[in-house]
$ cat coords_6.cif   # mmCIF, C-alpha atoms
data_protein
#
loop_
_atom_site.label_atom_id
_atom_site.label_comp_id
_atom_site.auth_asym_id
_atom_site.auth_seq_id
_atom_site.Cartn_x
_atom_site.Cartn_y
_atom_site.Cartn_z
CA MET C 1 52.61 143.05 -137.45
CA THR C 2 50.14 143.04 -140.31
CA ARG C 3 47.18 145.38 -140.49
CA LYS C 4 44.88 142.45 -139.76
CA HIS C 5 46.82 141.51 -136.63
CA PHE C 6 46.82 145.13 -135.51
CA PHE C 7 43.05 145.41 -135.66
CA ILE C 8 42.59 142.04 -133.96
CA ALA C 9 44.90 143.17 -131.14
CA LEU C 10 43.06 146.51 -130.90
CA PHE C 11 39.71 144.72 -130.76
CA VAL C 12 40.92 142.43 -127.96
CA ILE C 13 42.30 145.39 -126.00
CA LEU C 14 39.00 147.27 -126.31
CA LEU C 15 37.06 144.15 -125.39
CA VAL C 16 39.13 143.67 -122.23
CA PHE C 17 38.89 147.37 -121.38
CA PHE C 18 35.11 147.54 -121.67
CA GLY C 19 34.75 144.20 -119.89
CA TRP C 20 36.75 145.65 -116.99
CA ARG C 21 34.58 148.75 -116.98
CA PHE C 22 31.54 146.55 -116.43
CA VAL C 23 32.94 144.62 -113.45
CA ARG C 24 35.19 147.14 -111.70
CA PRO C 25 34.11 148.82 -108.43
CA LEU C 26 31.71 151.64 -109.24
CA ASN C 27 33.42 154.86 -108.15
CA ILE C 28 30.81 157.53 -108.74
CA PHE C 29 32.57 160.64 -107.44
CA VAL C 30 35.96 162.20 -106.96
CA VAL C 31 37.52 161.70 -103.52
CA THR C 32 38.81 165.12 -102.46
CA ASP C 33 40.75 166.28 -99.43
CA ASN C 34 37.43 167.50 -98.07
CA PHE C 35 36.34 164.00 -97.07
CA ASP C 36 39.08 161.50 -97.96
CA ARG C 37 39.54 160.67 -94.27
CA PRO C 38 37.22 160.72 -91.26
CA VAL C 39 37.21 163.51 -88.70
CA ASP C 40 40.19 163.24 -86.35
CA THR C 41 39.04 162.98 -82.73
CA THR C 42 42.49 162.54 -81.18
CA ALA C 43 42.42 165.99 -79.59
CA LEU C 44 39.33 166.92 -77.56
CA PRO C 45 38.58 170.02 -75.48
CA ALA C 46 39.33 169.27 -71.84
CA SER C 47 35.72 169.79 -70.76
CA ILE C 48 34.27 167.28 -73.26
CA SER C 49 33.37 164.03 -71.48
CA GLY C 50 32.70 161.98 -74.60
CA LEU C 51 31.67 161.98 -78.26
CA ARG C 52 28.23 160.42 -78.05
CA ALA C 53 25.12 162.49 -78.57
CA SER C 54 24.08 161.78 -74.99
CA ASP C 55 27.31 163.43 -73.80
CA CYS C 56 26.37 166.60 -75.67
CA GLY C 57 22.74 166.20 -74.64
CA ALA C 58 23.66 166.42 -70.97
CA CYS C 59 23.73 170.19 -71.52
CA HIS C 60 22.10 170.61 -74.93
CA LYS C 61 19.12 168.34 -74.29
CA VAL C 62 16.66 169.87 -76.78
CA PHE C 63 19.23 169.76 -79.56
CA GLN C 64 19.88 166.08 -78.91
CA GLN C 65 16.15 165.35 -78.91
CA GLU C 66 15.78 167.03 -82.32
CA TRP C 67 18.77 165.15 -83.73
CA GLN C 68 17.26 161.83 -82.65
CA THR C 69 14.30 162.42 -85.01
CA THR C 70 16.48 162.95 -88.09
CA MET C 71 17.88 160.86 -90.93
CA HIS C 72 21.31 162.15 -89.90
CA SER C 73 21.02 160.03 -86.76
CA LYS C 74 20.17 157.03 -88.99
CA ALA C 75 22.87 157.69 -91.58
CA TRP C 76 24.55 154.35 -90.78
CA THR C 77 21.51 152.27 -89.81
CA ASP C 78 19.07 153.27 -92.58
CA PRO C 79 18.07 149.93 -94.21
CA TYR C 80 18.18 151.35 -97.73
CA PHE C 81 21.68 152.75 -97.27
CA ILE C 82 22.94 149.45 -95.88
CA ALA C 83 21.45 147.44 -98.78
CA ASP C 84 22.74 149.89 -101.39
CA TRP C 85 26.19 150.14 -99.78
CA ARG C 86 26.64 146.38 -99.62
CA PHE C 87 25.42 145.93 -103.19
CA ASP C 88 28.08 148.37 -104.40
CA GLY C 89 30.92 146.61 -102.60
CA SER C 90 30.89 148.19 -99.11
CA GLN C 91 33.37 150.87 -100.13
CA GLN C 92 35.19 152.52 -97.25
CA ILE C 93 34.82 156.05 -98.63
CA CYS C 94 31.06 155.95 -97.94
CA ARG C 95 31.80 155.66 -94.24
CA ASN C 96 33.42 159.11 -94.20
CA CYS C 97 30.04 160.76 -94.63
CA HIS C 98 27.73 158.19 -93.03
CA THR C 99 30.01 157.65 -89.99
CA PRO C 100 32.26 160.72 -90.15
CA LEU C 101 34.31 160.28 -86.93
CA ASP C 102 37.46 158.16 -86.95
CA VAL C 103 36.31 156.26 -83.84
CA GLN C 104 33.06 155.33 -85.64
CA GLN C 105 34.98 153.20 -88.14
CA PRO C 106 36.38 149.69 -87.54
CA ASP C 107 39.45 150.43 -89.67
CA THR C 108 41.87 153.31 -89.88
CA VAL C 109 42.95 154.76 -93.22
CA VAL C 110 46.75 154.96 -93.21
CA GLY C 111 47.21 155.72 -96.90
CA PHE C 112 46.05 154.95 -100.41
CA ARG C 113 47.25 152.53 -103.06
CA ASP C 114 46.11 154.74 -105.91
CA ARG C 115 46.28 158.40 -106.84
CA ASN C 116 42.48 158.72 -106.96
CA LYS C 117 42.14 157.58 -103.32
CA GLN C 118 39.63 154.90 -104.23
CA ASP C 119 41.73 152.07 -102.76
CA PRO C 120 42.58 152.89 -99.12
CA ILE C 121 45.14 151.06 -97.01
CA LEU C 122 43.35 149.99 -93.83
CA VAL C 123 44.51 148.74 -90.43
CA ASN C 124 42.45 147.66 -87.46
CA ASN C 125 41.12 150.59 -85.40
CA ALA C 126 41.69 149.88 -81.70
CA LYS C 127 39.53 152.89 -80.75
CA PHE C 128 36.48 151.75 -82.72
CA ASP C 129 33.20 152.44 -80.87
CA GLN C 130 30.37 150.43 -82.40
CA GLU C 131 27.69 152.17 -80.34
CA LEU C 132 28.93 155.52 -81.58
CA GLN C 133 29.01 154.15 -85.13
CA HIS C 134 25.27 153.57 -84.93
CA GLU C 135 24.74 157.27 -84.22
CA GLY C 136 25.61 158.09 -87.83
CA VAL C 137 26.09 161.82 -88.30
CA THR C 138 26.28 162.62 -84.62
CA CYS C 139 26.92 165.98 -82.93
CA ALA C 140 30.73 165.85 -83.05
CA ALA C 141 30.63 165.00 -86.77
CA CYS C 142 29.61 168.59 -87.46
CA HIS C 143 30.93 170.50 -84.46
CA LEU C 144 34.37 168.98 -83.76
CA ARG C 145 37.32 170.11 -85.87
CA ASP C 146 41.04 170.12 -85.00
CA GLY C 147 40.37 169.68 -81.29
CA MET C 148 37.93 172.61 -81.18
CA ILE C 149 34.17 172.87 -80.91
CA GLU C 150 32.85 174.96 -83.78
CA GLY C 151 29.62 176.94 -83.88
CA VAL C 152 28.08 180.09 -85.28
CA ILE C 153 28.37 181.79 -81.87
CA GLY C 154 32.02 182.07 -80.87
CA ASP C 155 32.52 182.06 -77.11
CA THR C 156 35.93 181.69 -75.51
CA SER C 157 34.50 181.70 -71.97
CA ALA C 158 32.08 178.78 -72.47
CA PRO C 159 32.73 175.49 -70.59
CA HIS C 160 34.15 174.29 -73.89
CA PRO C 161 35.47 177.30 -75.85
CA VAL C 162 33.71 177.62 -79.19
CA LYS C 163 35.46 178.61 -82.39
CA LYS C 164 33.20 180.82 -84.49
CA LEU C 165 32.21 179.57 -87.93
CA GLU C 166 32.12 182.21 -90.63
CA ASN C 167 28.80 180.74 -91.78
CA ALA C 168 26.77 177.70 -90.72
CA ASN C 169 26.57 176.45 -94.31
CA GLN C 170 30.26 175.57 -94.10
CA VAL C 171 29.34 172.42 -92.17
CA CYS C 172 27.16 171.11 -95.00
CA LEU C 173 29.94 171.24 -97.58
CA ARG C 174 31.93 168.31 -96.26
CA CYS C 175 29.46 165.78 -97.66
CA HIS C 176 27.13 167.70 -99.96
CA VAL C 177 29.70 169.22 -102.31
CA VAL C 178 31.18 165.97 -103.66
CA ASP C 179 32.52 166.32 -107.19
CA GLY C 180 32.20 164.12 -110.25
CA ASP C 181 34.54 165.85 -112.69
CA ARG C 182 36.62 162.91 -113.87
CA TRP C 183 37.68 161.62 -117.28
CA ASP C 184 35.13 158.79 -117.26
CA THR C 185 32.16 160.68 -115.82
CA PHE C 186 29.80 162.58 -118.07
CA PHE C 187 27.02 163.58 -115.74
CA ARG C 188 26.01 167.06 -114.67
CA PHE C 189 25.87 166.45 -110.94
CA PRO C 190 27.32 163.76 -108.69
CA PRO C 191 24.72 161.85 -106.60
CA CYS C 192 25.18 163.95 -103.46
CA GLY C 193 26.13 167.13 -105.28
CA THR C 194 23.34 169.34 -104.02
CA VAL C 195 25.62 172.37 -103.92
CA ALA C 196 26.52 171.82 -107.58
CA GLU C 197 22.81 171.87 -108.42
CA ILE C 198 22.34 175.15 -106.57
CA GLN C 199 25.33 176.63 -108.40
CA SER C 200 24.01 175.47 -111.76
CA ALA C 201 20.55 176.89 -111.11
CA SER C 202 22.08 180.16 -109.95
CA ASP C 203 24.25 180.43 -113.05
CA ALA C 204 21.17 179.99 -115.22
CA ALA C 205 19.29 182.63 -113.24
CA ASN C 206 22.22 185.00 -113.55
CA LYS C 207 21.65 185.18 -117.32
CA SER C 208 18.47 187.04 -116.43
CA GLY C 209 20.33 189.46 -114.21
CA GLU C 210 19.46 187.72 -110.93
CA MET C 211 21.92 187.13 -108.11
CA THR C 212 24.41 184.27 -108.48
CA ILE C 213 26.11 182.28 -105.74
CA LYS C 214 29.32 184.02 -104.77
CA ASN C 215 29.96 182.60 -101.32
CA ILE C 216 29.00 179.88 -98.86
CA ALA C 217 26.58 182.13 -97.01
CA SER C 218 24.36 182.38 -100.08
CA LEU C 219 23.77 178.63 -100.42
CA GLY C 220 20.76 178.68 -98.12
CA CYS C 221 21.14 175.13 -96.76
CA VAL C 222 20.58 175.87 -93.07
CA GLU C 223 18.03 178.60 -93.78
CA CYS C 224 15.73 175.90 -95.19
CA HIS C 225 16.70 172.69 -93.39
CA MET C 226 17.52 174.19 -89.97
CA PRO C 227 14.78 176.75 -89.20
CA ALA C 228 15.76 179.58 -86.86
CA ILE C 229 14.23 179.74 -83.40
CA GLU C 230 14.69 181.86 -80.28
CA ARG C 231 15.77 179.72 -77.31
CA PRO C 232 18.69 179.17 -74.93
CA LEU C 233 21.59 176.95 -75.97
CA VAL C 234 21.49 175.28 -72.54
CA GLU C 235 18.73 175.24 -69.95
CA GLY C 236 18.65 178.44 -67.93
CA ALA C 237 20.96 180.37 -70.25
CA VAL C 238 20.14 183.55 -72.13
CA THR C 239 17.64 183.25 -75.00
CA ARG C 240 19.23 183.78 -78.38
CA ASN C 241 18.76 183.01 -82.06
CA THR C 242 19.57 179.34 -82.71
CA ARG C 243 18.73 176.80 -85.38
CA GLN C 244 16.63 173.69 -85.02
CA HIS C 245 18.63 170.53 -85.73
CA LEU C 246 15.95 168.90 -87.88
CA TRP C 247 17.31 168.58 -91.45
CA ARG C 248 13.93 167.59 -92.85
CA GLY C 249 13.95 166.47 -96.46
CA GLY C 250 12.61 163.71 -98.67
CA HIS C 251 11.53 161.50 -95.77
CA ASP C 252 9.13 164.19 -94.53
CA PRO C 253 5.93 164.62 -96.62
CA GLU C 254 5.20 168.06 -95.16
CA MET C 255 8.69 169.27 -96.09
CA VAL C 256 8.27 168.01 -99.65
CA LYS C 257 4.89 169.73 -99.94
CA LYS C 258 6.59 173.03 -99.10
CA ALA C 259 9.02 172.55 -101.97
CA PHE C 260 6.52 173.07 -104.79
CA THR C 261 3.28 174.72 -105.80
CA ALA C 262 0.74 173.00 -108.01
CA GLU C 263 -2.47 173.94 -109.81
CA PHE C 264 -4.99 171.74 -111.58
CA LYS C 265 -7.62 173.49 -113.67
CA GLU C 266 -10.17 172.95 -116.42
CA GLU C 267 -10.89 175.16 -119.41
CA GLN C 268 -13.11 175.13 -122.47
CA LEU C 269 -11.05 175.42 -125.63
CA ALA C 270 -12.37 178.35 -127.64
CA GLY C 271 -14.06 177.50 -130.92
CA THR C 272 -14.05 173.75 -130.32
CA GLU C 273 -16.09 171.12 -128.56
CA LYS C 274 -13.00 170.01 -126.68
CA ARG C 275 -12.13 170.54 -123.04
CA GLN C 276 -8.66 170.70 -121.60
CA PHE C 277 -7.46 169.84 -118.11
CA THR C 278 -4.08 171.28 -117.22
CA PHE C 279 -1.83 170.42 -114.31
CA GLU C 280 1.08 172.76 -113.53
CA ILE C 281 3.81 172.12 -110.96
CA THR C 282 6.66 174.48 -110.07
CA ASN C 283 9.67 174.08 -107.79
CA THR C 284 9.12 177.19 -105.67
CA GLY C 285 10.61 176.06 -102.36
CA THR C 286 14.15 174.87 -103.10
CA ARG C 287 17.26 176.20 -104.76
CA HIS C 288 18.30 172.74 -105.91
CA TYR C 289 16.45 170.35 -108.19
CA LEU C 290 13.33 168.61 -106.93
CA PRO C 291 13.87 165.92 -105.88
CA THR C 292 17.59 165.91 -105.12
CA GLY C 293 20.10 163.48 -103.59
CA THR C 294 20.31 159.89 -104.76
CA PRO C 295 19.04 159.45 -108.35
CA ASP C 296 16.59 156.83 -107.06
CA ARG C 297 14.37 159.58 -105.72
CA HIS C 298 11.71 160.85 -108.09
CA LEU C 299 8.23 162.30 -108.44
CA THR C 300 5.36 160.80 -110.40
CA VAL C 301 2.47 162.83 -111.78
CA SER C 302 -0.70 161.01 -112.80
CA LEU C 303 -3.77 162.44 -114.52
CA ARG C 304 -6.74 160.06 -114.50
CA LEU C 305 -10.14 160.26 -116.12
CA LEU C 306 -12.63 158.29 -113.96
CA ASP C 307 -16.10 156.87 -114.54
CA ALA C 308 -18.93 156.67 -112.00
CA LYS C 309 -17.49 153.46 -110.50
CA GLY C 310 -14.05 154.98 -110.05
CA MET C 311 -12.59 152.95 -112.89
CA ILE C 312 -9.92 154.57 -115.04
CA VAL C 313 -11.20 155.64 -118.45
CA ASP C 314 -7.91 157.17 -119.52
CA GLU C 315 -4.62 157.96 -117.80
CA GLN C 316 -1.37 159.89 -118.22
CA ARG C 317 1.68 159.11 -116.09
CA HIS C 318 4.84 161.22 -115.95
CA LYS C 319 8.04 160.49 -114.05
CA LEU C 320 10.19 163.41 -112.87
CA LYS C 321 13.49 161.64 -112.45
CA ARG C 322 17.17 161.71 -113.17
CA THR C 323 18.24 158.74 -115.30
CA VAL C 324 21.91 157.81 -115.27
CA MET C 325 23.86 155.16 -117.16
CA TRP C 326 26.46 153.85 -114.70
CA ARG C 327 28.48 151.43 -116.86
CA PRO C 328 30.74 151.33 -118.77
CA PHE C 329 30.84 155.12 -118.23
CA ILE C 330 28.77 157.37 -116.02
CA VAL C 331 26.49 159.40 -118.27
CA ASP C 332 23.39 161.48 -117.59
CA LEU C 333 20.89 160.15 -120.11
CA TRP C 334 18.09 162.56 -119.24
CA ASP C 335 16.85 164.58 -116.31
CA THR C 336 13.17 165.47 -116.00
CA ARG C 337 13.31 166.74 -112.41
CA LEU C 338 12.10 170.23 -111.55
CA PRO C 339 14.75 172.97 -111.60
CA PRO C 340 14.10 175.96 -109.32
CA GLY C 341 11.40 178.34 -110.51
CA GLU C 342 10.58 176.63 -113.81
CA PRO C 343 6.91 175.59 -114.24
CA ARG C 344 6.10 172.23 -115.80
CA GLN C 345 2.72 171.60 -117.45
CA TYR C 346 0.84 168.44 -118.35
CA ALA C 347 -2.50 168.53 -120.18
CA MET C 348 -5.31 166.12 -121.07
CA GLU C 349 -7.62 167.14 -123.90
CA TYR C 350 -10.95 165.51 -124.79
CA SER C 351 -13.93 165.97 -127.06
CA THR C 352 -17.39 165.86 -125.48
CA GLU C 353 -17.93 162.41 -127.02
CA GLN C 354 -14.74 161.01 -125.52
CA ILE C 355 -15.56 162.36 -122.10
CA SER C 356 -19.20 161.26 -121.97
CA SER C 357 -18.53 158.15 -119.85
CA ALA C 358 -16.42 160.01 -117.27
CA VAL C 359 -17.62 161.80 -114.14
CA ALA C 360 -14.32 163.22 -112.81
CA ILE C 361 -10.67 163.76 -113.52
CA GLU C 362 -7.97 163.77 -110.85
CA ALA C 363 -4.34 164.80 -110.57
CA LYS C 364 -1.98 163.18 -108.08
CA VAL C 365 1.68 163.66 -107.26
CA ARG C 366 3.69 161.07 -105.35
CA TYR C 367 7.22 161.33 -103.95
CA HIS C 368 9.30 158.16 -104.30
CA LEU C 369 12.28 157.60 -102.01
CA VAL C 370 13.38 154.50 -103.90
CA ASP C 371 12.94 153.23 -107.41
CA GLU C 372 11.19 149.86 -107.12
CA SER C 373 13.37 148.24 -109.78
CA ARG C 374 16.48 149.34 -107.89
CA ALA C 375 15.03 148.06 -104.61
CA ARG C 376 14.51 144.62 -106.16
CA ARG C 377 17.97 144.60 -107.68
CA ILE C 378 19.77 145.31 -104.40
CA ASN C 379 17.34 143.13 -102.41
CA TYR C 380 16.14 146.02 -100.27
CA GLN C 381 13.53 144.61 -97.90
CA TYR C 382 11.73 147.77 -96.85
CA GLY C 383 9.41 147.75 -93.88
CA GLU C 384 8.13 151.29 -94.33
CA PRO C 385 6.42 152.87 -97.37
CA ILE C 386 8.89 153.98 -100.04
CA ASP C 387 6.53 156.52 -101.59
CA TYR C 388 3.75 158.82 -100.47
CA GLU C 389 1.24 161.28 -101.87
CA VAL C 390 2.08 164.99 -101.78
CA PHE C 391 -0.71 166.44 -103.95
CA SER C 392 -4.22 165.41 -104.95
CA LYS C 393 -7.06 167.27 -106.60
CA ARG C 394 -10.26 166.05 -108.25
CA ILE C 395 -12.36 167.99 -110.75
CA GLU C 396 -15.95 166.86 -111.19
CA ILE C 397 -17.00 166.92 -114.83
CA ASN C 398 -20.03 169.18 -115.01
CA ASP C 399 -22.54 168.34 -117.73
CA SER C 400 -23.25 172.02 -118.21
CA LEU C 401 -19.72 172.46 -119.60
CA GLN C 402 -20.11 169.73 -122.19
#
$ encode --input "coords_6.cif" --output "structure tokens"
Amino acid sequence: MTRKHFFIALFVILLVFFGWRFVRPLNIFVVTDNFDRPVDTTALPASISGLRASDCGACHKVFQQEWQTTMHSKAWTDPYFIADWRFDGSQQICRNCHTPLDVQQPDTVVGFRDRNKQDPILVNNAKFDQELQHEGVTCAACHLRDGMIEGVIGDTSAPHPVKKLENANQVCLRCHVVDGDRWDTFFRFPPCGTVAEIQSASDAANKSGEMTIKNIASLGCVECHMPAIERPLVEGAVTRNTRQHLWRGGHDPEMVKKAFTAEFKEEQLAGTEKRQFTFEITNTGTRHYLPTGTPDRHLTVSLRLLDAKGMIVDEQRHKLKRTVMWRPFIVDLWDTRLPPGEPRQYAMEYSTEQISSAVAIEAKVRYHLVDESRARRINYQYGEPIDYEVFSKRIEINDSLQ
């Protein structure tokens, strides 16, 4: 083979390789033993009548009522998830977190055709329960393991004996600790890798002598998303410390507002005829990045100078978002989200002449559940708002300061 033929062959090989990388199924995380198969429900405690939330709610009514208000209960039916999942090829592995019980899935995984467990061997599941599938992350998804009911309060004399969890945060790890450390991935955090974000933030803090994450108990997932409350586990039982099954997050404006602090102020710049308006936002309420989860989620900050008619004289817009290149390789291009504890500032500066036509300046922050360009691409037909306001402040421009 001549040198010319060698380079032609190499070029063709590379062309085919990169072409394949652009059309292959998009596998965005490593499939680990933690969630490569659904939860086995073959063995059930004798006293358990069924796996539906209503079965658990017969005794734990308040807990079921809380669960019904959550995105966990809509993990399979959420319109955005369905559109996104179908667009990316309806991969089976997604079911293991969105419908975690084996009987919630129409097929049974009997093996894998590849070492990376991205190509499962499926057979028809005779025990498939479609109604249970629509419950998404239902009670048994978190509390049933190896034929035992698990909880933070171990009780061998309960109607269904309860195996004590070392820490409640253990339950979160099945789906929120997915890894992305693979030869063709070059991003810092996988899409659902909230725990990895907490670890990264903690490692950075540790350089300053602060505490780092050493165990599951220190993650703080349930402490934030499952507030503690004194109440009985079942009606008429002894009152004890329990956790609300709420899991509020990005779909709850009030929860998002608790995640940050913001200040918008005006100041005269010394020795000049200019005035500066500064907006500062800090992630003070989470240990992960804000926002977290799917990279579609982001914040926008807008600073607007307004005239007497409310028309925009000048405007700044900033997007706090994680931007990822997915093909041919997965690469974090940039990440402007808010890490824990780090303030971010944006400023608008004007001379008195520039500002003469304006009567006010406002700062607004909006939380976006979906990127509109992504929504159009996957044909997501949303019926509810995909963004909402979480901060707004207006400063009237006082002539006396000019």
$ resolve_selection --input "coords_6.cif" --expression "the PyMOL selection byres ((chain C and resi 311-325) around 9)" --output "number ranges by chain"
C: 187, 290-291, 295-310, 326-338, 346-348, 355, 357-358
$ closest_residue --input "coords_6.cif" --among "C:Leu269, C:Ile153, C:Val12, C:Ile397" --to "C:Glu362" --atoms "only C-alpha atoms"
C:Ile397
$ resolve_selection --input "coords_6.cif" --expression "the PyMOL selection byres ((chain C and resi 64) around 10)" --output "PDB file with C-alpha atoms, keeping the file's coordinate frame"
ATOM      1  CA  ALA C  53      25.120 162.490 -78.570  1.00  0.00           C
ATOM      2  CA  SER C  54      24.080 161.780 -74.990  1.00  0.00           C
ATOM      3  CA  ASP C  55      27.310 163.430 -73.800  1.00  0.00           C
ATOM      4  CA  CYS C  56      26.370 166.600 -75.670  1.00  0.00           C
ATOM      5  CA  GLY C  57      22.740 166.200 -74.640  1.00  0.00           C
ATOM      6  CA  ALA C  58      23.660 166.420 -70.970  1.00  0.00           C
ATOM      7  CA  CYS C  59      23.730 170.190 -71.520  1.00  0.00           C
ATOM      8  CA  HIS C  60      22.100 170.610 -74.930  1.00  0.00           C
ATOM      9  CA  LYS C  61      19.120 168.340 -74.290  1.00  0.00           C
ATOM     10  CA  VAL C  62      16.660 169.870 -76.780  1.00  0.00           C
ATOM     11  CA  PHE C  63      19.230 169.760 -79.560  1.00  0.00           C
ATOM     12  CA  GLN C  65      16.150 165.350 -78.910  1.00  0.00           C
ATOM     13  CA  GLU C  66      15.780 167.030 -82.320  1.00  0.00           C
ATOM     14  CA  TRP C  67      18.770 165.150 -83.730  1.00  0.00           C
ATOM     15  CA  GLN C  68      17.260 161.830 -82.650  1.00  0.00           C
ATOM     16  CA  THR C  69      14.300 162.420 -85.010  1.00  0.00           C
ATOM     17  CA  SER C  73      21.020 160.030 -86.760  1.00  0.00           C
ATOM     18  CA  THR C 138      26.280 162.620 -84.620  1.00  0.00           C
ATOM     19  CA  CYS C 139      26.920 165.980 -82.930  1.00  0.00           C
ATOM     20  CA  HIS C 245      18.630 170.530 -85.730  1.00  0.00           C
TER      21      HIS C 245
END
$ resolve_selection --input "coords_6.cif" --expression "the PyMOL selection byres ((chain C and resi 258) around 10)" --output "number ranges by chain"
C: 253-257, 259-261, 283-286, 390
$ closest_residue --input "coords_6.cif" --among "C:Leu26, C:Ile281, C:Gln268, C:Tyr350" --to "C:Gln118" --atoms "all atoms listed in the file"
C:Leu26
$ closest_residue --input "coords_6.cif" --among "C:Arg188, C:Lys117, C:Arg376, C:His176" --to "C:Gly293" --atoms "all atoms listed in the file"
C:His176
$ atom_distance --input "coords_6.cif" --atom1 "atom CA of C:Ala75" --atom2 "atom CA of C:Asn96"
11.0 Å
$ atom_distance --input "coords_6.cif" --atom1 "atom CA of C:Gly111" --atom2 "atom CA of C:Asn27"
17.8 Å
$ atom_distance --input "coords_6.cif" --atom1 "atom CA of C:Thr99" --atom2 "atom CA of C:Val171"
14.9 Å
$ closest_residue --input "coords_6.cif" --among "C:Pro232, C:Gly151, C:Pro120, C:Pro339" --to "C:Leu165" --atoms "only C-alpha atoms"
C:Gly151
$ residues_around --input "coords_6.cif" --residues "stretch 48-52 of chain C" --least-positions-apart "6" --cutoff "9 Å" --atoms "all atoms listed in the file" --output "list in words"
Thr41, Glu131, Leu132, Glu135, Thr138, Cys139, Ala140, Pro159 and His160 of chain C
$ closest_residue --input "coords_6.cif" --among "C:His134, C:Glu349, C:Asn167, C:Pro25" --to "C:Arg86" --atoms "only C-alpha atoms"
C:Pro25
$ closest_residue --input "coords_6.cif" --among "C:Ala363, C:Val177, C:Ile93, C:Met148" --to "C:Leu122" --atoms "all atoms listed in the file"
C:Ile93
$ residues_near_point --input "coords_6.cif" --point "(37.2, 167.9, -99.0)" --cutoff "10 Å" --atoms "all atoms listed in the file" --output "PyMOL selection string"
chain C and resi 30-37+173-175+177-179
$ write_last_selection --input "coords_6.cif" --atoms "C-alpha atoms" --output "PDB file, in the coordinates of the input"
ATOM      1  CA  VAL C  30      35.960 162.200-106.960  1.00  0.00           C
ATOM      2  CA  VAL C  31      37.520 161.700-103.520  1.00  0.00           C
ATOM      3  CA  THR C  32      38.810 165.120-102.460  1.00  0.00           C
ATOM      4  CA  ASP C  33      40.750 166.280 -99.430  1.00  0.00           C
ATOM      5  CA  ASN C  34      37.430 167.500 -98.070  1.00  0.00           C
ATOM      6  CA  PHE C  35      36.340 164.000 -97.070  1.00  0.00           C
ATOM      7  CA  ASP C  36      39.080 161.500 -97.960  1.00  0.00           C
ATOM      8  CA  ARG C  37      39.540 160.670 -94.270  1.00  0.00           C
ATOM      9  CA  LEU C 173      29.940 171.240 -97.580  1.00  0.00           C
ATOM     10  CA  ARG C 174      31.930 168.310 -96.260  1.00  0.00           C
ATOM     11  CA  CYS C 175      29.460 165.780 -97.660  1.00  0.00           C
ATOM     12  CA  VAL C 177      29.700 169.220-102.310  1.00  0.00           C
ATOM     13  CA  VAL C 178      31.180 165.970-103.660  1.00  0.00           C
ATOM     14  CA  ASP C 179      32.520 166.320-107.190  1.00  0.00           C
TER      15      ASP C 179
END
$ residues_around --input "coords_6.cif" --residues "C:Ile386" --least-positions-apart "2" --cutoff "9 Å" --atoms "all atoms listed in the file" --output "CSV table (one decimal) with C-alpha atoms, keeping the file's coordinate frame"
chain,number,residue,atom,x,y,z
C,367,TYR,CA,7.2,161.3,-104.0
C,368,HIS,CA,9.3,158.2,-104.3
C,369,LEU,CA,12.3,157.6,-102.0
C,370,VAL,CA,13.4,154.5,-103.9
C,371,ASP,CA,12.9,153.2,-107.4
C,372,GLU,CA,11.2,149.9,-107.1
C,382,TYR,CA,11.7,147.8,-96.8
C,383,GLY,CA,9.4,147.8,-93.9
C,384,GLU,CA,8.1,151.3,-94.3
C,388,TYR,CA,3.8,158.8,-100.5
$ build_atoms --input "coords_6.cif" --residues "stretch 248-257 of chain C" --atoms "N, CA and C atoms" --output "CSV table (one decimal), in the frame of the given file"
chain,number,residue,atom,x,y,z
C,248,ARG,N,15.0,168.3,-92.2
C,248,ARG,CA,13.9,167.6,-92.8
C,248,ARG,C,14.1,167.6,-94.4
C,249,GLY,N,13.8,166.5,-95.0
C,249,GLY,CA,14.0,166.5,-96.5
C,249,GLY,C,13.0,165.5,-97.1
C,250,GLY,N,13.5,164.6,-97.9
C,250,GLY,CA,12.6,163.7,-98.7
C,250,GLY,C,11.8,162.7,-97.8
C,251,HIS,N,12.3,162.4,-96.6
C,251,HIS,CA,11.5,161.5,-95.8
C,251,HIS,C,10.4,162.2,-95.0
C,252,ASP,N,10.2,163.4,-95.2
C,252,ASP,CA,9.1,164.2,-94.5
C,252,ASP,C,8.1,164.7,-95.6
C,253,PRO,N,6.9,164.2,-95.6
C,253,PRO,CA,5.9,164.6,-96.6
C,253,PRO,C,5.6,166.1,-96.5
C,254,GLU,N,5.5,166.6,-95.3
C,254,GLU,CA,5.2,168.1,-95.2
C,254,GLU,C,6.3,168.9,-95.7
C,255,MET,N,7.6,168.5,-95.6
C,255,MET,CA,8.7,169.3,-96.1
C,255,MET,C,8.7,169.3,-97.6
C,256,VAL,N,8.4,168.1,-98.2
C,256,VAL,CA,8.3,168.0,-99.6
C,256,VAL,C,7.1,168.9,-100.2
C,257,LYS,N,6.0,168.9,-99.5
C,257,LYS,CA,4.9,169.7,-99.9
C,257,LYS,C,5.2,171.2,-100.0
